[in-house]
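Remarks on the structure that follows.
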Amino acid sequence: MGNEVDRLLSNSYAASLVYVSLVVLSLIVFLSVFELVTRYNCWKEIKNGNLAVAMATSGKIFGICNIFRFSIEANDSIYQSLIWGIFGFILLLAAYFLFEFLTPVFRIDDEIAKDNRAVGFIAMIISISLSYVIGATVIL
């Protein structure tokens, strides 16, 4: 099977389709994990117009995709890219918990659920910024 995948990936168009499909599937899975660890329902809140949740979720989406961008660019195989993408997501998730832990003045999730846009914006910027740092470690 490995030879078939390698042969398929030798075609630039097929490789692009495979990588994009892999990232979209990973994005769905990883966003589901974030949905499990937050105290609010992301998509319900976004449907109700909660801009803080939309910003925080957008930061997570950008962060995950950016990590995969680095992992695809730095690795020779789809398998290595997937492993590094998963590892990068775990680091991003750990950063999310660390952010919540290091702000004892208020609970990040509660503020975002209350549509505190300042907190939602900071959460978005943290996810985006850390994705660049995590991505840079992928190419080492």
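Just remember, in the structure tokens the first chain shown is A, the second B, etc., residues are 1-based per chain, and ligands are 1-based in the order shown.
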Any idea what's packed within 12 Å of Ser32 of chain A, counting only C-alpha atoms, ignoring anything in its chain fewer than 5 positions away? Could you give it as a PDB file with N, CA, C and O atoms, in the first residue's frame?
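For reference, selection_35.pdb as written:
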ATOM      1  N   LEU A  25      -9.749  16.794   7.144  1.00  0.00           N
ATOM      2  CA  LEU A  25     -10.180  15.752   8.076  1.00  0.00           C
ATOM      3  C   LEU A  25      -9.574  15.981   9.458  1.00  0.00           C
ATOM      4  O   LEU A  25     -10.275  15.888  10.476  1.00  0.00           O
ATOM      5  N   SER A  26      -8.286  16.289   9.497  1.00  0.00           N
ATOM      6  CA  SER A  26      -7.626  16.570  10.776  1.00  0.00           C
ATOM      7  C   SER A  26      -8.237  17.782  11.460  1.00  0.00           C
ATOM      8  O   SER A  26      -8.434  17.793  12.678  1.00  0.00           O
ATOM      9  N   LEU A  27      -8.540  18.800  10.677  1.00  0.00           N
ATOM     10  CA  LEU A  27      -9.157  20.003  11.232  1.00  0.00           C
ATOM     11  C   LEU A  27     -10.495  19.679  11.894  1.00  0.00           C
ATOM     12  O   LEU A  27     -10.780  20.148  12.997  1.00  0.00           O
ATOM     13  N   VAL A  37     -13.277  20.229  25.107  1.00  0.00           N
ATOM     14  CA  VAL A  37     -12.583  20.803  26.258  1.00  0.00           C
ATOM     15  C   VAL A  37     -13.048  22.210  26.609  1.00  0.00           C
ATOM     16  O   VAL A  37     -12.700  22.713  27.670  1.00  0.00           O
ATOM     17  N   THR A  38     -13.820  22.858  25.756  1.00  0.00           N
ATOM     18  CA  THR A  38     -14.341  24.178  26.099  1.00  0.00           C
ATOM     19  C   THR A  38     -15.652  24.023  26.855  1.00  0.00           C
ATOM     20  O   THR A  38     -16.335  23.011  26.754  1.00  0.00           O
ATOM     21  N   ASN A  41     -20.569  25.585  23.644  1.00  0.00           N
ATOM     22  CA  ASN A  41     -20.736  24.942  22.342  1.00  0.00           C
ATOM     23  C   ASN A  41     -20.365  25.958  21.270  1.00  0.00           C
ATOM     24  O   ASN A  41     -21.117  26.901  21.011  1.00  0.00           O
ATOM     25  N   CYS A  42     -19.195  25.750  20.661  1.00  0.00           N
ATOM     26  CA  CYS A  42     -18.659  26.733  19.704  1.00  0.00           C
ATOM     27  C   CYS A  42     -19.659  27.084  18.611  1.00  0.00           C
ATOM     28  O   CYS A  42     -19.953  28.256  18.374  1.00  0.00           O
ATOM     29  N   TRP A  43     -20.170  26.075  17.935  1.00  0.00           N
ATOM     30  CA  TRP A  43     -20.991  26.339  16.752  1.00  0.00           C
ATOM     31  C   TRP A  43     -22.347  26.910  17.117  1.00  0.00           C
ATOM     32  O   TRP A  43     -22.896  27.737  16.387  1.00  0.00           O
ATOM     33  N   THR A  57     -12.378  30.602  17.951  1.00  0.00           N
ATOM     34  CA  THR A  57     -12.438  29.435  17.065  1.00  0.00           C
ATOM     35  C   THR A  57     -11.658  29.691  15.782  1.00  0.00           C
ATOM     36  O   THR A  57     -10.954  28.806  15.288  1.00  0.00           O
ATOM     37  N   LYS A  60      -8.078  29.130  16.421  1.00  0.00           N
ATOM     38  CA  LYS A  60      -7.765  27.696  16.474  1.00  0.00           C
ATOM     39  C   LYS A  60      -7.682  27.105  15.069  1.00  0.00           C
ATOM     40  O   LYS A  60      -6.780  26.325  14.763  1.00  0.00           O
ATOM     41  N   ILE A  61      -8.618  27.475  14.206  1.00  0.00           N
ATOM     42  CA  ILE A  61      -8.611  26.980  12.827  1.00  0.00           C
ATOM     43  C   ILE A  61      -7.337  27.426  12.118  1.00  0.00           C
ATOM     44  O   ILE A  61      -6.639  26.617  11.503  1.00  0.00           O
ATOM     45  N   LEU A  93      -2.945  22.539  21.895  1.00  0.00           N
ATOM     46  CA  LEU A  93      -3.923  22.208  22.930  1.00  0.00           C
ATOM     47  C   LEU A  93      -3.340  22.436  24.321  1.00  0.00           C
ATOM     48  O   LEU A  93      -4.013  22.986  25.202  1.00  0.00           O
TER      49      LEU A  93
END
A:Leu9, A:Leu102, A:Ile83, A:Leu31: which is nearest Ala56 of chain A, counting only C-alpha atoms?
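Closest to Ala56 of chain A of all the choices is A:Leu31.
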Which of these residues is nearest to Gly135 of chain A, using only C-alpha atoms: A:Leu22, A:Ile28, A:Leu91, A:Ala14?
A:Leu91
What is the atom CA of Tyr96 of chain A to atom CA of Asp76 of chain A distance in Å?
29.2 Å
Using the chain letters and numbers from this document, which residues of chain A does DSSP assign to alpha helix (DSSP H), as JSON, numbers by chain?
{"A": [2, 3, 4, 5, 6, 7, 8, 9, 12, 13, 14, 15, 16, 17, 18, 19, 20, 21, 22, 23, 24, 25, 26, 27, 28, 29, 30, 31, 32, 33, 34, 35, 36, 37, 42, 43, 44, 45, 46, 47, 51, 52, 53, 54, 55, 56, 57, 58, 59, 60, 61, 62, 63, 64, 65, 66, 67, 68, 69, 70, 71, 72, 73, 74, 78, 79, 80, 81, 82, 83, 84, 85, 86, 87, 88, 89, 90, 91, 92, 93, 94, 95, 96, 97, 98, 99, 100, 101, 108, 109, 110, 111, 112, 113, 117, 118, 119, 120, 121, 122, 123, 124, 125, 126, 127, 128, 129, 130, 131, 132, 133, 134, 135, 136, 137, 138]}
Output C-alpha atoms for every residue in that selection, as a compact mmCIF listing (two decimals), in the first residue's frame.
# COMPACT_ATOMS: atom_id res chain seq x y z
CA GLY A 2 2.89 2.36 0.77
CA ASN A 3 4.15 2.11 -2.80
CA GLU A 4 0.71 2.93 -4.18
CA VAL A 5 0.44 6.00 -1.98
CA ASP A 6 3.94 7.12 -2.94
CA ARG A 7 3.10 6.66 -6.63
CA LEU A 8 -0.12 8.64 -6.17
CA LEU A 9 1.75 11.42 -4.39
CA SER A 12 1.38 17.08 -7.99
CA TYR A 13 -2.38 17.39 -8.44
CA ALA A 14 -3.11 14.16 -6.60
CA ALA A 15 -0.66 15.07 -3.85
CA SER A 16 -2.35 18.42 -3.38
CA LEU A 17 -5.75 16.74 -3.15
CA VAL A 18 -4.47 14.16 -0.65
CA TYR A 19 -2.77 16.74 1.57
CA VAL A 20 -5.76 19.10 1.57
CA SER A 21 -8.13 16.21 2.32
CA LEU A 22 -5.89 15.07 5.18
CA VAL A 23 -5.76 18.56 6.67
CA VAL A 24 -9.52 19.09 6.37
CA LEU A 25 -10.18 15.75 8.08
CA SER A 26 -7.63 16.57 10.78
CA LEU A 27 -9.16 20.00 11.23
CA ILE A 28 -12.59 18.46 11.83
CA VAL A 29 -11.16 16.00 14.35
CA PHE A 30 -9.06 18.62 16.16
CA LEU A 31 -11.90 21.14 16.33
CA SER A 32 -14.05 18.37 17.82
CA VAL A 33 -11.41 17.90 20.50
CA PHE A 34 -11.43 21.64 21.23
CA GLU A 35 -15.23 21.47 21.38
CA LEU A 36 -14.95 18.79 24.07
CA VAL A 37 -12.58 20.80 26.26
CA CYS A 42 -18.66 26.73 19.70
CA TRP A 43 -20.99 26.34 16.75
CA LYS A 44 -24.13 27.13 18.73
CA GLU A 45 -22.51 30.29 20.11
CA ILE A 46 -21.30 31.31 16.66
CA LYS A 47 -24.79 30.73 15.25
CA LEU A 51 -18.12 37.21 18.17
CA ALA A 52 -15.70 36.27 20.98
CA VAL A 53 -16.30 32.57 20.29
CA ALA A 54 -15.97 33.18 16.55
CA MET A 55 -12.60 34.90 17.05
CA ALA A 56 -11.30 32.21 19.41
CA THR A 57 -12.44 29.44 17.06
CA SER A 58 -10.98 31.24 14.05
CA GLY A 59 -7.65 31.42 15.84
CA LYS A 60 -7.76 27.70 16.47
CA ILE A 61 -8.61 26.98 12.83
CA PHE A 62 -5.82 29.21 11.59
CA GLY A 63 -3.40 27.76 14.14
CA ILE A 64 -4.11 24.16 13.19
CA CYS A 65 -3.87 24.87 9.46
CA ASN A 66 -0.69 26.88 9.90
CA ILE A 67 0.96 24.05 11.82
CA PHE A 68 0.04 21.68 9.01
CA ARG A 69 1.44 24.13 6.47
CA PHE A 70 4.81 23.93 8.20
CA SER A 71 4.60 20.16 8.58
CA ILE A 72 3.80 19.60 4.89
CA GLU A 73 6.54 21.97 3.79
CA ALA A 74 9.20 20.43 6.06
CA ILE A 78 2.50 12.39 4.10
CA TYR A 79 3.04 10.18 7.14
CA GLN A 80 5.70 12.46 8.62
CA SER A 81 3.52 15.48 7.89
CA LEU A 82 0.59 13.89 9.69
CA ILE A 83 2.69 12.93 12.72
CA TRP A 84 4.16 16.43 13.00
CA GLY A 85 0.72 17.97 12.49
CA ILE A 86 -0.71 15.87 15.31
CA PHE A 87 2.25 16.71 17.53
CA GLY A 88 1.79 20.41 16.75
CA PHE A 89 -1.90 20.19 17.59
CA ILE A 90 -1.07 18.59 20.94
CA LEU A 91 1.27 21.50 21.67
CA LEU A 92 -1.43 23.98 20.67
CA LEU A 93 -3.92 22.21 22.93
CA ALA A 94 -1.42 22.27 25.81
CA ALA A 95 -0.97 26.01 25.23
CA TYR A 96 -4.75 26.44 25.44
CA PHE A 97 -4.81 24.76 28.86
CA LEU A 98 -1.77 26.76 29.97
CA PHE A 99 -3.47 30.01 28.92
CA GLU A 100 -6.54 29.07 30.95
CA PHE A 101 -4.38 28.09 33.94
CA ILE A 108 -11.11 32.31 29.81
CA ASP A 109 -13.90 30.00 28.61
CA ASP A 110 -16.50 31.76 30.76
CA GLU A 111 -15.49 35.17 29.43
CA ILE A 112 -15.54 33.99 25.84
CA ALA A 113 -18.96 32.40 26.37
CA ARG A 117 -14.46 40.19 22.68
CA ALA A 118 -11.21 41.33 24.23
CA VAL A 119 -10.63 37.84 25.64
CA GLY A 120 -11.77 36.23 22.37
CA PHE A 121 -9.32 38.41 20.45
CA ILE A 122 -6.42 37.56 22.78
CA ALA A 123 -7.28 33.85 22.50
CA MET A 124 -7.26 34.17 18.70
CA ILE A 125 -3.90 35.97 18.64
CA ILE A 126 -2.36 33.44 21.04
CA SER A 127 -3.45 30.52 18.84
CA ILE A 128 -2.15 32.21 15.70
CA SER A 129 1.12 33.34 17.25
CA LEU A 130 1.89 30.00 18.86
CA SER A 131 1.17 28.19 15.59
CA TYR A 132 4.12 30.04 14.07
CA VAL A 133 6.39 29.07 16.95
CA ILE A 134 5.19 25.46 16.87
CA GLY A 135 5.52 25.42 13.09
CA ALA A 136 9.09 26.67 13.30
CA THR A 137 9.97 23.70 15.51
CA VAL A 138 8.58 21.32 12.90
